[in-house]
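*Asks:* Below is data.cif; it holds mmCIF, C-alpha atoms.
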data_work
loop_
_atom_site.group_PDB
_atom_site.id
_atom_site.type_symbol
_atom_site.label_atom_id
_atom_site.label_comp_id
_atom_site.auth_asym_id
_atom_site.auth_seq_id
_atom_site.Cartn_x
_atom_site.Cartn_y
_atom_site.Cartn_z
ATOM 1 C CA MET A 28 10.677 -2.157 7.730
ATOM 2 C CA ALA A 29 12.045 -2.814 4.273
ATOM 3 C CA SER A 30 8.551 -3.557 3.036
ATOM 4 C CA SER A 31 7.278 -0.222 4.275
ATOM 5 C CA LEU A 32 10.060 1.489 2.310
ATOM 6 C CA ARG A 33 9.070 -0.532 -0.754
ATOM 7 C CA LEU A 34 5.408 0.439 -0.351
ATOM 8 C CA TYR A 35 6.317 4.090 0.208
ATOM 9 C CA LEU A 36 8.441 4.175 -2.960
ATOM 10 C CA ALA A 37 5.769 2.299 -4.933
ATOM 11 C CA CYS A 38 3.150 4.814 -3.840
ATOM 12 C CA ILE A 39 5.362 7.742 -4.843
ATOM 13 C CA LYS A 40 6.173 6.087 -8.167
ATOM 14 C CA ASN A 41 2.505 5.529 -9.011
ATOM 15 C CA THR A 42 1.556 9.044 -7.990
ATOM 16 C CA LEU A 43 4.364 10.521 -10.079
ATOM 17 C CA GLU A 44 3.367 8.451 -13.111
ATOM 18 C CA ALA A 45 -0.133 9.827 -12.826
ATOM 19 C CA ALA A 46 0.914 13.384 -12.015
ATOM 20 C CA MET A 47 3.570 13.797 -14.689
ATOM 21 C CA CYS A 48 1.202 14.923 -17.421
ATOM 22 C CA LEU A 49 2.877 18.120 -18.486
ATOM 23 C CA GLN A 50 2.401 20.215 -21.582
ATOM 24 C CA ASN A 51 3.706 23.523 -22.781
ATOM 25 C CA PHE A 52 1.667 26.458 -21.479
ATOM 26 C CA PRO A 53 2.834 30.049 -22.075
ATOM 27 C CA CYS A 54 2.191 32.491 -19.286
ATOM 28 C CA GLN A 55 -1.339 33.900 -19.279
ATOM 29 C CA GLU A 56 -0.504 37.222 -17.651
ATOM 30 C CA VAL A 57 2.644 38.269 -19.452
ATOM 31 C CA GLU A 58 3.216 38.025 -23.196
ATOM 32 C CA ARG A 59 6.008 35.856 -24.514
ATOM 33 C CA HIS A 60 6.835 34.510 -21.067
ATOM 34 C CA ASN A 61 6.834 30.842 -20.170
ATOM 35 C CA LYS A 62 6.949 30.198 -16.441
ATOM 36 C CA PRO A 63 6.572 27.027 -14.353
ATOM 37 C CA GLU A 64 3.074 27.519 -12.969
ATOM 38 C CA VAL A 65 3.645 25.376 -9.899
ATOM 39 C CA GLU A 66 6.175 27.898 -8.609
ATOM 40 C CA LEU A 67 4.081 30.992 -9.130
ATOM 41 C CA LYS A 68 0.613 29.667 -8.271
ATOM 42 C CA THR A 69 -1.078 32.700 -9.827
ATOM 43 C CA SER A 70 -4.030 30.899 -11.464
ATOM 44 C CA PRO A 71 -5.887 28.216 -9.491
ATOM 45 C CA GLU A 72 -7.292 26.619 -12.635
ATOM 46 C CA LEU A 73 -3.802 25.580 -13.698
ATOM 47 C CA LEU A 74 -2.987 23.767 -10.464
ATOM 48 C CA LEU A 75 -3.899 20.291 -9.310
ATOM 49 C CA ASN A 76 -4.405 19.190 -5.703
ATOM 50 C CA PRO A 77 -1.078 18.867 -3.910
ATOM 51 C CA VAL A 78 -0.521 15.428 -2.433
ATOM 52 C CA LEU A 79 1.424 14.706 0.740
ATOM 53 C CA ILE A 80 2.666 11.137 1.194
ATOM 54 C CA CYS A 81 4.103 10.393 4.630
ATOM 55 C CA ARG A 82 5.877 7.208 5.513
ATOM 56 C CA ASN A 83 6.010 8.098 9.208
ATOM 57 C CA GLU A 84 6.397 11.213 11.330
ATOM 58 C CA ALA A 85 9.888 11.973 10.015
ATOM 59 C CA GLU A 86 9.757 11.145 6.306
ATOM 60 C CA LYS A 87 7.395 12.693 3.819
ATOM 61 C CA CYS A 88 7.080 13.667 0.193
ATOM 62 C CA LEU A 89 5.043 16.565 -1.195
ATOM 63 C CA ILE A 90 4.024 16.368 -4.856
ATOM 64 C CA GLU A 91 2.528 19.494 -6.413
ATOM 65 C CA THR A 92 1.502 19.475 -10.061
ATOM 66 C CA SER A 93 0.415 22.118 -12.486
ATOM 67 C CA ILE A 94 -0.184 22.220 -16.206
ATOM 68 C CA ASN A 95 3.430 22.667 -17.215
ATOM 69 C CA SER A 96 5.471 21.759 -14.170
ATOM 70 C CA LEU A 97 5.729 19.389 -11.248
ATOM 71 C CA ARG A 98 7.443 19.981 -7.931
ATOM 72 C CA ILE A 99 8.532 17.144 -5.648
ATOM 73 C CA SER A 100 9.798 18.008 -2.157
ATOM 74 C CA LEU A 101 11.362 15.377 0.076
ATOM 75 C CA LYS A 102 12.011 15.266 3.778
ATOM 76 C CA VAL A 103 14.632 12.659 4.640
ATOM 77 C CA LYS A 104 14.712 10.733 7.903
ATOM 78 C CA GLN A 105 17.126 12.266 10.408
ATOM 79 C CA ALA A 106 17.516 10.171 13.524
ATOM 80 C CA ASP A 107 19.967 12.293 15.501
ATOM 81 C CA GLU A 108 21.881 15.541 15.472
ATOM 82 C CA LEU A 109 24.803 14.136 13.465
ATOM 83 C CA GLU A 110 22.514 12.833 10.709
ATOM 84 C CA ASN A 111 20.781 16.207 10.723
ATOM 85 C CA ILE A 112 24.050 18.028 10.000
ATOM 86 C CA LEU A 113 25.225 15.444 7.463
ATOM 87 C CA THR A 114 21.923 15.538 5.569
ATOM 88 C CA LYS A 115 21.881 19.307 5.472
ATOM 89 C CA LYS A 116 25.471 19.552 4.230
ATOM 90 C CA PHE A 117 25.147 16.750 1.704
ATOM 91 C CA LEU A 118 21.886 17.985 0.211
ATOM 92 C CA ARG A 119 23.142 21.554 0.149
ATOM 93 C CA PHE A 120 26.176 20.277 -1.798
ATOM 94 C CA LEU A 121 23.837 18.698 -4.337
ATOM 95 C CA SER A 122 21.483 21.667 -4.550
ATOM 96 C CA MET A 123 24.380 24.048 -5.217
ATOM 97 C CA ARG A 124 25.181 21.947 -8.282
ATOM 98 C CA ALA A 125 21.561 21.966 -9.454
ATOM 99 C CA GLU A 126 22.573 23.015 -12.991
ATOM 100 C CA ALA A 127 24.212 19.650 -13.547
ATOM 101 C CA PHE A 128 21.129 17.753 -12.388
ATOM 102 C CA GLN A 129 18.718 19.898 -14.444
ATOM 103 C CA VAL A 130 15.651 18.748 -12.524
ATOM 104 C CA LEU A 131 16.920 19.798 -9.093
ATOM 105 C CA ARG A 132 15.752 22.988 -7.427
ATOM 106 C CA ARG A 133 18.407 25.277 -5.944
ATOM 107 C CA LYS A 134 16.567 25.805 -2.697
ATOM 108 C CA PRO A 135 14.328 23.231 -1.052
ATOM 109 C CA VAL A 136 10.759 24.200 -0.299
ATOM 110 C CA GLN A 137 10.200 25.473 3.252
ATOM 111 C CA GLY A 138 9.966 22.544 5.643
ATOM 112 C CA TYR A 139 11.676 20.015 3.357
ATOM 113 C CA ASP A 140 15.251 18.898 2.687
ATOM 114 C CA ILE A 141 15.408 18.840 -1.096
ATOM 115 C CA SER A 142 13.134 19.723 -4.006
ATOM 116 C CA PHE A 143 12.879 18.776 -7.650
ATOM 117 C CA LEU A 144 11.268 20.897 -10.318
ATOM 118 C CA ILE A 145 10.314 19.056 -13.512
ATOM 119 C CA THR A 146 8.977 21.103 -16.409
ATOM 120 C CA ASN A 147 7.451 20.121 -19.724
ATOM 121 C CA TYR A 148 10.781 20.834 -21.407
ATOM 122 C CA HIS A 149 12.413 18.138 -19.294
ATOM 123 C CA CYS A 150 9.670 15.710 -20.278
ATOM 124 C CA GLU A 151 10.229 16.513 -23.930
ATOM 125 C CA GLU A 152 13.987 16.019 -23.778
ATOM 126 C CA MET A 153 14.051 13.093 -21.392
ATOM 127 C CA GLN A 154 11.916 9.995 -20.978
ATOM 128 C CA LYS A 155 9.167 10.278 -18.357
ATOM 129 C CA GLN A 156 9.779 6.760 -17.014
ATOM 130 C CA LYS A 157 13.482 7.408 -16.610
ATOM 131 C CA LEU A 158 12.798 10.651 -14.741
ATOM 132 C CA ILE A 159 10.537 8.840 -12.318
ATOM 133 C CA ASP A 160 13.062 6.032 -11.889
ATOM 134 C CA PHE A 161 15.727 8.638 -11.197
ATOM 135 C CA ILE A 162 13.709 10.241 -8.424
ATOM 136 C CA VAL A 163 12.850 6.915 -6.785
ATOM 137 C CA GLN A 164 16.476 5.748 -7.068
ATOM 138 C CA PHE A 165 17.596 9.057 -5.563
ATOM 139 C CA MET A 166 15.389 8.486 -2.541
ATOM 140 C CA GLU A 167 16.784 4.991 -2.028
ATOM 141 C CA ASP A 168 20.383 6.110 -2.423
ATOM 142 C CA ILE A 169 20.129 9.146 -0.142
ATOM 143 C CA GLU A 170 19.493 6.963 2.869
ATOM 144 C CA LYS A 171 22.434 4.706 2.070
ATOM 145 C CA GLU A 172 24.718 7.683 1.474
ATOM 146 C CA ILE A 173 23.833 9.330 4.756
ATOM 147 C CA SER A 174 24.429 6.112 6.733
ATOM 148 C CA GLU A 175 27.784 5.607 4.988
ATOM 149 C CA LEU A 176 28.785 9.188 5.776
ATOM 150 C CA LYS A 177 27.783 8.717 9.389
ATOM 151 C CA ILE A 178 29.802 5.507 9.704
ATOM 152 C CA SER A 179 32.863 7.121 8.147
ATOM 153 C CA VAL A 180 32.596 10.152 10.432
ATOM 154 C CA ASN A 181 32.382 7.913 13.492
ATOM 155 C CA THR A 182 35.301 5.746 12.315
ATOM 156 C CA ARG A 183 37.482 8.771 11.625
ATOM 157 C CA GLY A 184 36.582 10.287 14.973
ATOM 158 C CA ARG A 185 37.490 7.069 16.754
ATOM 159 C CA LEU A 186 40.840 6.770 14.935
ATOM 160 C CA VAL A 187 41.767 10.379 15.611
ATOM 161 C CA ALA A 188 40.818 10.108 19.267
ATOM 162 C CA THR A 189 42.826 6.871 19.685
ATOM 163 C CA GLU A 190 45.919 8.393 18.093
ATOM 164 C CA PHE A 191 45.617 11.583 20.104
ATOM 165 C CA LEU A 192 45.149 9.856 23.425
ATOM 166 C CA LYS A 193 48.046 7.448 22.804
ATOM 167 C CA GLN A 194 50.457 10.199 23.744
ATOM 168 C CA PHE A 195 49.003 10.321 27.224
ATOM 169 C CA MET A 196 49.409 6.590 27.833
ATOM 170 C CA MET B 208 -22.599 27.016 -8.524
ATOM 171 C CA ALA B 209 -20.292 27.900 -5.653
ATOM 172 C CA GLY B 210 -22.940 30.339 -4.418
ATOM 173 C CA ALA B 211 -25.597 27.633 -4.351
ATOM 174 C CA ALA B 212 -23.249 25.257 -2.529
ATOM 175 C CA GLU B 213 -22.554 27.818 0.188
ATOM 176 C CA PHE B 214 -26.269 28.405 0.632
ATOM 177 C CA VAL B 215 -26.816 24.679 0.976
ATOM 178 C CA GLU B 216 -23.990 24.125 3.433
ATOM 179 C CA ALA B 217 -25.036 26.789 5.945
ATOM 180 C CA ASP B 218 -28.345 25.007 6.489
ATOM 181 C CA ASN B 219 -27.138 21.479 6.030
ATOM 182 C CA ALA B 220 -23.876 21.469 7.963
ATOM 183 C CA GLU B 221 -25.698 20.462 11.121
ATOM 184 C CA ALA B 222 -27.800 17.939 9.212
ATOM 185 C CA ILE B 223 -24.718 16.434 7.609
ATOM 186 C CA ILE B 224 -22.897 16.158 10.910
ATOM 187 C CA ALA B 225 -25.940 14.472 12.436
ATOM 188 C CA ARG B 226 -26.015 12.041 9.510
ATOM 189 C CA ILE B 227 -22.333 11.299 9.968
ATOM 190 C CA GLU B 228 -22.900 10.557 13.636
ATOM 191 C CA THR B 229 -25.620 8.038 12.829
ATOM 192 C CA LYS B 230 -23.298 6.528 10.242
ATOM 193 C CA SER B 231 -20.536 6.187 12.833
ATOM 194 C CA ARG B 232 -22.845 4.371 15.202
ATOM 195 C CA THR B 233 -23.813 1.926 12.425
ATOM 196 C CA ILE B 234 -20.151 1.391 11.638
ATOM 197 C CA GLU B 235 -19.239 0.725 15.279
ATOM 198 C CA SER B 236 -21.888 -1.967 15.452
ATOM 199 C CA LEU B 237 -20.765 -3.491 12.131
ATOM 200 C CA LEU B 238 -17.156 -3.565 13.321
ATOM 201 C CA LYS B 239 -18.196 -5.360 16.500
ATOM 202 C CA GLN B 240 -19.743 -8.029 14.274
ATOM 203 C CA TYR B 241 -16.467 -8.234 12.293
ATOM 204 C CA LYS B 242 -18.192 -7.087 9.112
ATOM 205 C CA HIS B 243 -15.255 -4.886 8.089
ATOM 206 C CA VAL B 244 -16.145 -4.593 4.417
ATOM 207 C CA GLU B 245 -19.723 -3.569 5.193
ATOM 208 C CA ALA B 246 -18.389 -0.978 7.620
ATOM 209 C CA LEU B 247 -16.144 0.540 4.987
ATOM 210 C CA LYS B 248 -18.956 0.571 2.424
ATOM 211 C CA THR B 249 -21.217 2.396 4.873
ATOM 212 C CA ALA B 250 -18.471 4.863 5.632
ATOM 213 C CA LEU B 251 -17.840 5.634 1.960
ATOM 214 C CA GLU B 252 -21.514 6.010 1.050
ATOM 215 C CA GLY B 253 -22.634 9.582 0.849
ATOM 216 C CA SER B 254 -19.141 10.949 0.811
ATOM 217 C CA PRO B 255 -17.591 13.270 -0.035
ATOM 218 C CA PRO B 256 -20.178 15.334 1.792
ATOM 219 C CA LYS B 257 -21.489 17.957 -0.586
ATOM 220 C CA THR B 258 -20.262 20.810 1.532
ATOM 221 C CA LEU B 259 -17.268 23.099 1.928
ATOM 222 C CA ASP B 260 -17.496 22.930 5.708
ATOM 223 C CA GLU B 261 -14.278 21.625 7.254
ATOM 224 C CA ARG B 262 -16.034 20.130 10.269
ATOM 225 C CA CYS B 263 -18.179 17.848 8.095
ATOM 226 C CA LYS B 264 -15.162 16.693 6.156
ATOM 227 C CA SER B 265 -13.210 16.035 9.359
ATOM 228 C CA ALA B 266 -16.125 14.178 10.892
ATOM 229 C CA ASN B 267 -16.485 12.025 7.795
ATOM 230 C CA TRP B 268 -12.738 11.408 7.720
ATOM 231 C CA ILE B 269 -12.749 10.180 11.319
ATOM 232 C CA VAL B 270 -15.491 7.694 10.475
ATOM 233 C CA VAL B 271 -13.725 6.413 7.353
ATOM 234 C CA HIS B 272 -10.428 6.224 9.233
ATOM 235 C CA ARG B 273 -11.977 4.020 11.881
ATOM 236 C CA ALA B 274 -13.298 1.651 9.214
ATOM 237 C CA LEU B 275 -10.010 1.649 7.272
ATOM 238 C CA MET B 276 -7.822 0.808 10.254
ATOM 239 C CA ALA B 277 -9.987 -2.199 11.066
ATOM 240 C CA ILE B 278 -9.453 -3.775 7.643
ATOM 241 C CA LYS B 279 -7.110 -6.765 7.700
ATOM 242 C CA ASP B 280 -7.866 -8.534 4.421
ATOM 243 C CA ILE B 281 -7.241 -5.899 1.746
ATOM 244 C CA ASP B 282 -7.772 -8.073 -1.351
ATOM 245 C CA GLY B 283 -11.086 -9.333 -0.060
ATOM 246 C CA MET B 284 -12.166 -5.829 0.760
ATOM 247 C CA LEU B 285 -11.335 -4.543 -2.719
ATOM 248 C CA ASN B 286 -13.115 -7.515 -4.293
ATOM 249 C CA ALA B 287 -16.277 -6.702 -2.427
ATOM 250 C CA LEU B 288 -16.173 -2.929 -2.963
ATOM 251 C CA ASP B 289 -18.068 -1.441 -5.909
ATOM 252 C CA VAL B 290 -16.057 0.252 -8.641
ATOM 253 C CA GLU B 291 -17.776 3.600 -8.072
ATOM 254 C CA TYR B 292 -16.234 3.846 -4.594
ATOM 255 C CA TYR B 293 -12.646 3.444 -5.799
ATOM 256 C CA ASP B 294 -12.177 7.165 -6.438
ATOM 257 C CA THR B 295 -13.563 8.160 -3.049
ATOM 258 C CA LEU B 296 -11.418 5.533 -1.339
ATOM 259 C CA MET B 297 -8.324 6.862 -3.107
ATOM 260 C CA LYS B 298 -9.090 10.404 -1.921
ATOM 261 C CA TYR B 299 -9.372 9.170 1.657
ATOM 262 C CA LEU B 300 -6.123 7.220 1.274
ATOM 263 C CA TYR B 301 -4.297 10.387 0.317
ATOM 264 C CA ARG B 302 -5.856 12.181 3.252
ATOM 265 C CA GLY B 303 -4.629 9.342 5.463
ATOM 266 C CA LEU B 304 -1.141 9.534 3.986
ATOM 267 C CA SER B 305 -0.960 13.247 4.726
ATOM 268 C CA THR B 306 -1.592 12.736 8.439
ATOM 269 C CA GLY B 307 1.890 11.331 9.069
ATOM 270 C CA ASP B 308 0.709 8.986 11.797
ATOM 271 C CA ARG B 309 2.691 5.743 11.449
ATOM 272 C CA PRO B 310 -0.030 3.036 11.672
ATOM 273 C CA THR B 311 -2.387 5.051 9.473
ATOM 274 C CA CYS B 312 0.331 5.565 6.872
ATOM 275 C CA ASP B 313 1.307 1.889 6.899
ATOM 276 C CA GLN B 314 -2.271 0.809 6.343
ATOM 277 C CA CYS B 315 -2.900 3.467 3.689
ATOM 278 C CA LEU B 316 0.280 2.557 1.795
ATOM 279 C CA LYS B 317 -0.743 -1.112 1.695
ATOM 280 C CA ILE B 318 -4.223 -0.337 0.424
ATOM 281 C CA HIS B 319 -2.878 2.259 -2.025
ATOM 282 C CA GLU B 320 -0.659 -0.275 -3.784
ATOM 283 C CA LYS B 321 -3.476 -2.801 -4.191
ATOM 284 C CA LEU B 322 -5.991 -0.174 -5.231
ATOM 285 C CA THR B 323 -3.646 1.246 -7.886
ATOM 286 C CA GLU B 324 -3.206 -2.252 -9.319
ATOM 287 C CA ARG B 325 -6.957 -2.541 -9.664
ATOM 288 C CA ALA B 326 -8.095 0.925 -10.527
ATOM 289 C CA GLY B 327 -5.077 2.127 -12.459
ATOM 290 C CA LEU B 328 -3.433 5.522 -12.713
ATOM 291 C CA GLY B 329 -6.706 7.145 -13.784
ATOM 292 C CA CYS B 330 -7.980 6.802 -10.247
ATOM 293 C CA ILE B 331 -4.982 8.719 -8.890
ATOM 294 C CA LEU B 332 -5.335 11.358 -11.567
ATOM 295 C CA ARG B 333 -9.022 11.878 -10.780
ATOM 296 C CA CYS B 334 -8.037 12.487 -7.157
ATOM 297 C CA LEU B 335 -5.462 15.062 -8.165
ATOM 298 C CA THR B 336 -7.724 16.946 -10.544
ATOM 299 C CA ASP B 337 -10.935 16.967 -8.533
ATOM 300 C CA THR B 338 -10.795 20.310 -6.751
ATOM 301 C CA LEU B 339 -14.573 20.540 -6.228
ATOM 302 C CA ASN B 340 -15.324 17.352 -4.305
ATOM 303 C CA THR B 341 -12.392 17.308 -1.943
ATOM 304 C CA VAL B 342 -12.450 14.980 1.003
#
I'd like the structure from this file rewritten - as structure tokens, please.
*Replies:*
Amino acid sequence: MASSLRLYLACIKNTLEAAMCLQNFPCQEVERHNKPEVELKTSPELLLNPVLICRNEAEKCLIETSINSLRISLKVKQADELENILTKKFLRFLSMRAEAFQVLRRKPVQGYDISFLITNYHCEEMQKQKLIDFIVQFMEDIEKEISELKISVNTRGRLVATEFLKQFM
Amino acid sequence: MAGAAEFVEADNAEAIIARIETKSRTIESLLKQYKHVEALKTALEGSPPKTLDERCKSANWIVVHRALMAIKDIDGMLNALDVEYYDTLMKYLYRGLSTGDRPTCDQCLKIHEKLTERAGLGCILRCLTDTLNTV
């Protein structure tokens, strides 16, 4: 179980190391514009094959690369309804503050929970290895965070229910 | 070049599928004799099929998948496999990872780690960039 998580993260790390080969590329259609090609997908020659890495039926990671940008979309494991709601709220909270993260995308790609958009400018300002470590660390921490949130919700619910029902005893 | 490929595939799709079926029979017999590495080598030979036809690619994938799932000793398998098949194997691994089926993904993740150690990041990059010979 833990080893399959380790293998999954190792696979994503290796793929990201290979895929993060970004360079500046001004827009071909419009003068003086510089757009992340992976978002627009106007010219097929600028895009690489997208790669989908699944750990099981519930968790997957889509990595799409282009000449000047890379998009990583994650789907996090959601075992039950409560985790579903917690994940959605938590990741929406993070996505709303995407400016602070710089590499986060405001809206996740359709079918996924959260997306990152890394452009060549990010690679110039920040170290490529550290970016990859950040993404892998993020994936590890998300699971822990969601389980902690779930435990705290259940604990609070139990406490509140106990207190409330005491008055009927 | 794309025009010539389409011309080729219309005639050869049936021929390729027939070839893949013979290959799958050979592989079944090799697997019964526990020659897993030979089976995988046979499966990878002649692929990716030089065609744009989805049926040929699916048929070939099924054959390779069968051989991959039977592999138990990954290091031994990679030792015995020729270097020229690393790229093709990596492409099939990514196809396996995209299926989302748990045992397939487990197996593909294990092989992916070992293969990356051997073949390096260049192998992964060649998979990503090769839009002509997709698997």
*Asks:* Determine, counting all atoms listed in the file, which protein, DNA and RNA residues have an atom within 12 Å of an atom of Lys279 in chain B; residues of the same chain fewer than 5 positions away are not included. Present the result as an mmCIF file with C-alpha atoms, keeping the file's coordinate frame.
*Replies:*
data_model
loop_
_atom_site.group_PDB
_atom_site.id
_atom_site.type_symbol
_atom_site.label_atom_id
_atom_site.label_comp_id
_atom_site.auth_asym_id
_atom_site.auth_seq_id
_atom_site.Cartn_x
_atom_site.Cartn_y
_atom_site.Cartn_z
ATOM 1 C CA LEU B 238 -17.156 -3.565 13.321
ATOM 2 C CA TYR B 241 -16.467 -8.234 12.293
ATOM 3 C CA LYS B 242 -18.192 -7.087 9.112
ATOM 4 C CA HIS B 243 -15.255 -4.886 8.089
ATOM 5 C CA VAL B 244 -16.145 -4.593 4.417
ATOM 6 C CA LEU B 247 -16.144 0.540 4.987
ATOM 7 C CA ALA B 274 -13.298 1.651 9.214
ATOM 8 C CA MET B 284 -12.166 -5.829 0.760
ATOM 9 C CA LEU B 285 -11.335 -4.543 -2.719
ATOM 10 C CA GLN B 314 -2.271 0.809 6.343
ATOM 11 C CA CYS B 315 -2.900 3.467 3.689
ATOM 12 C CA LYS B 317 -0.743 -1.112 1.695
ATOM 13 C CA ILE B 318 -4.223 -0.337 0.424
#
*Asks:* For Cys334 in chain B, work out the shell of residues within 8 Å, counting all atoms listed in the file and skipping chain neighbours fewer than 4 positions away, then give it as a short mmCIF file (atom, residue, chain, number, x, y, z; two decimals) with C-alpha atoms, in the coordinates of the input.
*Replies:*
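So the final result, stored in result-v3.cif, reads:
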data_model
loop_
_atom_site.label_atom_id
_atom_site.label_comp_id
_atom_site.auth_asym_id
_atom_site.auth_seq_id
_atom_site.Cartn_x
_atom_site.Cartn_y
_atom_site.Cartn_z
CA ASN A 76 -4.40 19.19 -5.70
CA ASP B 294 -12.18 7.16 -6.44
CA MET B 297 -8.32 6.86 -3.11
CA LYS B 298 -9.09 10.40 -1.92
CA CYS B 330 -7.98 6.80 -10.25
#
*Asks:* Need to verify the contact set: Cys81 in chain A, 7 Å, all atoms listed in the file, exclusion of same-chain residues closer than 6 positions in sequence. Can you return it as a list of chain:residue names?
*Replies:*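 Within the cut-off, the hits are A:Lys87, A:Cys88, B:Leu304, B:Ser305, B:Gly307, B:Cys312.
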*Asks:* Env of range 158-160 of chain A: 9 Å cut, atoms = only C-alpha atoms, seq-sep filter 4 positions within chain, self excluded. Answer as number ranges by chain.
*Replies:* A: 40, 43-44, 47, 130, 145, 149-150, 153-154, 164-165
*Asks:* With only C-alpha atoms as the counted atoms, please give the residues lying no more than 12 Å from Ile234 in chain B, apart from itself and same-chain residues fewer than 4 positions off, as a list in words.
*Replies:* Ile227, Glu228, Thr229, Lys230, Leu238, Lys239, Gln240, Tyr241, Lys242, His243, Val244, Glu245, Ala246, Leu247, Lys248, Thr249, Ala250, Leu251, Glu252, Asn267, Ile269, Val270, Val271, His272, Arg273, Ala274, Leu275 and Ala277 of chain B
*Asks:* Would you mind exporting the chosen residues as an mmCIF file, in the frame of the given file, restricted to C-alpha atoms?
*Replies:*
data_model
loop_
_atom_site.group_PDB
_atom_site.id
_atom_site.type_symbol
_atom_site.label_atom_id
_atom_site.label_comp_id
_atom_site.auth_asym_id
_atom_site.auth_seq_id
_atom_site.Cartn_x
_atom_site.Cartn_y
_atom_site.Cartn_z
ATOM 1 C CA ILE B 227 -22.333 11.299 9.968
ATOM 2 C CA GLU B 228 -22.900 10.557 13.636
ATOM 3 C CA THR B 229 -25.620 8.038 12.829
ATOM 4 C CA LYS B 230 -23.298 6.528 10.242
ATOM 5 C CA LEU B 238 -17.156 -3.565 13.321
ATOM 6 C CA LYS B 239 -18.196 -5.360 16.500
ATOM 7 C CA GLN B 240 -19.743 -8.029 14.274
ATOM 8 C CA TYR B 241 -16.467 -8.234 12.293
ATOM 9 C CA LYS B 242 -18.192 -7.087 9.112
ATOM 10 C CA HIS B 243 -15.255 -4.886 8.089
ATOM 11 C CA VAL B 244 -16.145 -4.593 4.417
ATOM 12 C CA GLU B 245 -19.723 -3.569 5.193
ATOM 13 C CA ALA B 246 -18.389 -0.978 7.620
ATOM 14 C CA LEU B 247 -16.144 0.540 4.987
ATOM 15 C CA LYS B 248 -18.956 0.571 2.424
ATOM 16 C CA THR B 249 -21.217 2.396 4.873
ATOM 17 C CA ALA B 250 -18.471 4.863 5.632
ATOM 18 C CA LEU B 251 -17.840 5.634 1.960
ATOM 19 C CA GLU B 252 -21.514 6.010 1.050
ATOM 20 C CA ASN B 267 -16.485 12.025 7.795
ATOM 21 C CA ILE B 269 -12.749 10.180 11.319
ATOM 22 C CA VAL B 270 -15.491 7.694 10.475
ATOM 23 C CA VAL B 271 -13.725 6.413 7.353
ATOM 24 C CA HIS B 272 -10.428 6.224 9.233
ATOM 25 C CA ARG B 273 -11.977 4.020 11.881
ATOM 26 C CA ALA B 274 -13.298 1.651 9.214
ATOM 27 C CA LEU B 275 -10.010 1.649 7.272
ATOM 28 C CA ALA B 277 -9.987 -2.199 11.066
#
*Asks:* Work out how far apart CA of Thr311 in chain B and CA of Pro77 in chain A are and give it in Å to one decimal.
*Replies:* 19.3 Å
*Asks:* Taking a cut-off of 8 Å and counting only C-alpha atoms, can you build a table that, for each residue of chain B near chain A, reports the nearest atom pair and how far apart they are in Å (one decimal), sorted by chain then residue number, as JSON lines?
*Replies:*
{"residue": "B:Tyr301", "atom": "CA", "partner": "A:Val78", "partner_atom": "CA", "distance": 6.9}
{"residue": "B:Leu304", "atom": "CA", "partner": "A:Ile80", "partner_atom": "CA", "distance": 5.0}
{"residue": "B:Ser305", "atom": "CA", "partner": "A:Leu79", "partner_atom": "CA", "distance": 4.9}
{"residue": "B:Thr306", "atom": "CA", "partner": "A:Cys81", "partner_atom": "CA", "distance": 7.2}
{"residue": "B:Gly307", "atom": "CA", "partner": "A:Glu84", "partner_atom": "CA", "distance": 5.0}
{"residue": "B:Asp308", "atom": "CA", "partner": "A:Asn83", "partner_atom": "CA", "distance": 6.0}
{"residue": "B:Arg309", "atom": "CA", "partner": "A:Asn83", "partner_atom": "CA", "distance": 4.6}
{"residue": "B:Cys312", "atom": "CA", "partner": "A:Arg82", "partner_atom": "CA", "distance": 5.9}
{"residue": "B:Asp313", "atom": "CA", "partner": "A:Ser31", "partner_atom": "CA", "distance": 6.9}
{"residue": "B:Leu316", "atom": "CA", "partner": "A:Leu34", "partner_atom": "CA", "distance": 5.9}
{"residue": "B:Lys317", "atom": "CA", "partner": "A:Leu34", "partner_atom": "CA", "distance": 6.7}
{"residue": "B:His319", "atom": "CA", "partner": "A:Cys38", "partner_atom": "CA", "distance": 6.8}
{"residue": "B:Glu320", "atom": "CA", "partner": "A:Cys38", "partner_atom": "CA", "distance": 6.4}
{"residue": "B:Thr323", "atom": "CA", "partner": "A:Asn41", "partner_atom": "CA", "distance": 7.6}
{"residue": "B:Leu328", "atom": "CA", "partner": "A:Ala45", "partner_atom": "CA", "distance": 5.4}
{"residue": "B:Gly329", "atom": "CA", "partner": "A:Ala45", "partner_atom": "CA", "distance": 7.2}
{"residue": "B:Ile331", "atom": "CA", "partner": "A:Ala45", "partner_atom": "CA", "distance": 6.3}
{"residue": "B:Leu332", "atom": "CA", "partner": "A:Ala45", "partner_atom": "CA", "distance": 5.6}
{"residue": "B:Cys334", "atom": "CA", "partner": "A:Asn76", "partner_atom": "CA", "distance": 7.8}
{"residue": "B:Leu335", "atom": "CA", "partner": "A:Asn76", "partner_atom": "CA", "distance": 4.9}
{"residue": "B:Thr336", "atom": "CA", "partner": "A:Leu75", "partner_atom": "CA", "distance": 5.2}
{"residue": "B:Asp337", "atom": "CA", "partner": "A:Asn76", "partner_atom": "CA", "distance": 7.5}
{"residue": "B:Thr338", "atom": "CA", "partner": "A:Asn76", "partner_atom": "CA", "distance": 6.6}
*Asks:* What is the CA of Val342 in chain B to CA of Lys264 in chain B distance in Å?
*Replies:* 6.1 Å
*Asks:* So how many Å separate CA of Glu324 in chain B and CA of Asn286 in chain B, to one decimal?
*Replies:*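 Separation between CA of Glu324 in chain B and CA of Asn286 in chain B: 12.3 Å.
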*Asks:* To test your reading of the syntax: which residues would the PyMOL selection byres ((chain A and resi 116-119) around 10) return for the file shown? Reply as a PyMOL selection string.
*Replies:* chain A and resi 110-115+120-125+133-135+140-142+169+172-173+176
